[in-house]
Number of protein chains: 2
Amino acid sequence: MMGIMGRWQGGASERLRDAALGLFLTQGYDGTTVAEIAAAAGLTERTFFRHFADKREVLFVDQDEFERVFLSALPDDTGEPMAMIVGVLDGAATLFPEERRPWSRARRSVIAANVALQERELLKMSSLAVALTRALTARGVDAASAALAAEAGVTVFRTSFALWVAEGERRTFKEIQNAVLARLQALLVQ
Amino acid sequence: MMGIMGRWQGGASERLRDAALGLFLTQGYDGTTVAEIAAAAGLTERTFFRHFADKREVLFVDQDEFERVFLSALPDDTGEPMAMIVGVLDGAATLFPEERRPWSRARRSVIAANVALQERELLKMSSLAVALTRALTARGVDAASAALAAEAGVTVFRTSFALWVAEGERRTFKEIQNAVLARLQALLVQ
DNA sequence: GCAGGTGATGTCAGTGACTGACATGACGCT
DNA sequence: AGCGTCATGTCAGTCACTGACATCACCTGC
């Protein structure tokens with residue numbers, strides 16, 4: 001078999017990720033030590049840190065996947081910056097089907113309860129904006145417009161996501177995102 | 001004398017803040033321990049943590065002051081959300097006179113060299129957006145519009161600040177900010 | 001002045017995140 | 001069977017951060 005697996009069972013990263021989320025949900029983030037997570041996954045603390053740069057990162061591995069999908073949704077043809085961002089947002093909407101909503105809500109509850117985790121989430125959003133900015137400038141958009149368009153796009157995405165995971169919300173991610181974008185445009189025109 | 005002073009010399013917070021910035025500039029953030037900072041200020045590590053919640057916070061005490069000024073610049077009369085945000089931005093511009101630019105650049109260089117510090121800066125910006133959102137909703141703006149207007153305002157501010165501290169930049173903060181706001185509006189209208 | 005209160009600081013012991021160095025054991029290849 | 005590779009285990013160490021308690025300057029009431 002492939003050498004990517006763990007010493008005995010394989011899938012060490014996934015086991016650590018699942019164990020961490022479970023413990024965070026029951027004991028809270030601060031009430032859980034890395035040693036506990038590792039033990040729950042049948043591994044040692046040192047191995048945890050070989051898979052994740054730090055304790056927080058175990059909740060954000062998917063986020064890096066998002067960034068790739070976001071960028072791949074960026075159309076190759078150069079057009080108006082904001083039109084390209086809208087294309088990216090449409091692509092991003094496919095990342096959040098209805099089935100994912102419960103899991104996103106659980107994750108959200110853990111992050112909402114801890115400032116350090118919110119900090120990390122902001123960093124991921126920021127790095128997404130930076131990547132988008134780079135991609136836009138690579139397509140000929142001037143630096144200032146690229147940065148603003150990227151920031152606006154991330155703002156729309158983040159706001160939409162917050163609404164999507166809110167209790168009682170029933171609209172699809174795409175519907176929410178379209179409404180949020182329209183509202184932002186209306187606000188700025190006035 | 002007032003009991004706010006340190007055991008012997010007084011001004012413990014300021015001494016710690018200055019010692020920290022100096023050491024960070026010469027040795028880098030990671031290369032400086034809290035014990036070193038405290039010793040340079042003639043204090044102990046424990047006292048450092050009585051003045052600052054954590055090592056990073058020593059670079060962000062002013063940021064909390066910003067938040068107060070931002071909010072105080074918010075006009076009392078209710079109007080269009082974005083018009084109120086523009087009022088806040090005009091008030092914020094007074095916080096960055098020309099004399100402050102060199103100091104801001106030094107600080108910026110420390111933060112730019114360390115991801116953990118960028119994370120904290122993002123958190124401060126986010127908490128500013130949250131505070132603005134609350135202030136807008138308290139003035140009758142609906143939640144979604146308030147959040148978007150606040151986010152847009154913070155984006156304009158942050159982008160403007162980045163340009164203002166860039167090497168070679170000569171325009172005033174206010175000039176830059178007006179240009180950035182106009183460009184964001186133009187981008188979204190298209 | 002003198003005793004007591006207050007607030008900032010010092011001291012000390014401890015926890016937990018994170019790291020470097022080295023050992024070990026499973027697996028694939030030859 | 002022998003060998004190299006790679007994930008993991010082990011161990012020692014640093015450093016951020018915290019709780020508990022002692023100390024010392026200063027202020028207040030008497």
# chains A, B, ... in the order shown; residues from 1 in each chain; ligands from 1
call {"tool": "interface_residues", "arguments": {"of": "chain B", "to": "chain A", "cutoff": "9 Å", "atoms": "only C-alpha atoms", "output": "mmCIF file with C-alpha atoms, in the first residue's frame"}}
result
data_model
loop_
_atom_site.group_PDB
_atom_site.id
_atom_site.type_symbol
_atom_site.label_atom_id
_atom_site.label_comp_id
_atom_site.auth_asym_id
_atom_site.auth_seq_id
_atom_site.Cartn_x
_atom_site.Cartn_y
_atom_site.Cartn_z
ATOM 1 C CA GLU B 80 -28.124 56.417 4.807
ATOM 2 C CA PRO B 81 -25.810 53.762 6.351
ATOM 3 C CA MET B 82 -22.974 54.410 3.952
ATOM 4 C CA ALA B 83 -23.198 58.155 4.524
ATOM 5 C CA VAL B 115 2.002 36.035 10.852
ATOM 6 C CA GLN B 118 -1.027 39.944 11.374
ATOM 7 C CA GLU B 119 -3.609 37.634 12.870
ATOM 8 C CA ARG B 120 -4.040 39.916 15.845
ATOM 9 C CA LEU B 122 -7.102 41.255 11.655
ATOM 10 C CA LEU B 123 -8.906 40.528 14.907
ATOM 11 C CA SER B 126 -12.868 42.663 12.861
ATOM 12 C CA ALA B 144 -27.578 42.967 7.112
ATOM 13 C CA SER B 145 -27.038 46.466 5.763
ATOM 14 C CA ALA B 147 -22.828 44.595 8.738
ATOM 15 C CA LEU B 148 -22.058 45.191 5.068
ATOM 16 C CA ALA B 149 -21.640 48.929 5.458
ATOM 17 C CA GLU B 151 -17.258 45.800 6.594
ATOM 18 C CA ALA B 152 -16.983 48.048 3.575
ATOM 19 C CA THR B 155 -12.003 47.618 4.130
ATOM 20 C CA VAL B 156 -11.624 51.185 2.906
ATOM 21 C CA THR B 159 -6.629 49.553 2.367
ATOM 22 C CA VAL B 180 -10.012 54.426 -2.189
ATOM 23 C CA ARG B 183 -12.652 53.427 -6.443
ATOM 24 C CA LEU B 184 -14.577 50.860 -4.432
ATOM 25 C CA GLN B 185 -17.838 52.517 -5.414
ATOM 26 C CA ALA B 186 -16.819 52.554 -9.056
ATOM 27 C CA LEU B 187 -15.865 48.875 -8.951
ATOM 28 C CA LEU B 188 -19.164 47.775 -7.507
ATOM 29 C CA VAL B 189 -21.352 49.859 -9.761
ATOM 30 C CA GLN B 190 -20.106 48.167 -12.898
#
call {"tool": "closest_atom_pairs", "arguments": {"of": "chain C", "to": "chain A", "cutoff": "8 Å", "atoms": "only C-alpha atoms (C1' of nucleotides)", "output": "JSON lines"}}
result
{"residue": "C:DG16", "atom": "C1'", "partner": "A:Thr33", "partner_atom": "CA", "distance": 7.4}
{"residue": "C:DA17", "atom": "C1'", "partner": "A:Lys55", "partner_atom": "CA", "distance": 7.9}
{"residue": "C:DC18", "atom": "C1'", "partner": "A:Asp54", "partner_atom": "CA", "distance": 7.7}
{"residue": "C:DA26", "atom": "C1'", "partner": "A:Arg7", "partner_atom": "CA", "distance": 6.6}
{"residue": "C:DC27", "atom": "C1'", "partner": "A:Gly3", "partner_atom": "CA", "distance": 7.5}
call {"tool": "interface_residues", "arguments": {"of": "chain D", "to": "chain B", "cutoff": "8 Å", "atoms": "only C-alpha atoms (C1' of nucleotides)", "output": "NGL selection string"}}
result
:D and (15-17 or 25-26)
call {"tool": "atom_distance", "arguments": {"atom1": "CA of Asp76 (chain B)", "atom2": "CA of Gly153 (chain B)"}}
result
17.3 Å
call {"tool": "atom_distance", "arguments": {"atom1": "CA of Arg68 (chain B)", "atom2": "CA of Gly91 (chain B)"}}
result
11.2 Å
call {"tool": "residues_around", "arguments": {"residues": "DA21 (chain C)", "least_positions_apart": "4", "cutoff": "12 Å", "atoms": "only C-alpha atoms (C1' of nucleotides)", "output": "NGL selection string"}}
result
:D and (10-13)
call {"tool": "atom_distance", "arguments": {"atom1": "C1' of DT14 (chain D)", "atom2": "CA of Arg15 (chain A)"}}
result
28.9 Å
call {"tool": "select_by_dssp", "arguments": {"residues": "region 66-167 of chain A", "states": "alpha helix (DSSP H)", "output": "MDAnalysis selection string"}}
result
chainID A and resid 66:72 81:93 100:112 115:138 143:165
call {"tool": "closest_residue", "arguments": {"among": "C:DT15, C:DT30, C:DT24, C:DT9", "to": "DT18 (chain D)", "atoms": "only C-alpha atoms (C1' of nucleotides)"}}
result
C:DT15
call {"tool": "residues_around", "arguments": {"residues": "DA22 (chain D)", "least_positions_apart": "2", "cutoff": "10 Å", "atoms": "only C-alpha atoms (C1' of nucleotides)", "output": "list in words"}}
result
DG10 and DT11 of chain C; DA20 and DC24 of chain D
call {"tool": "residues_around", "arguments": {"residues": "Val154 (chain A)", "least_positions_apart": "4", "cutoff": "7 Å", "atoms": "only C-alpha atoms (C1' of nucleotides)", "output": "list in words"}}
result
Met125, Ala129, Ala150 and Arg158 of chain A
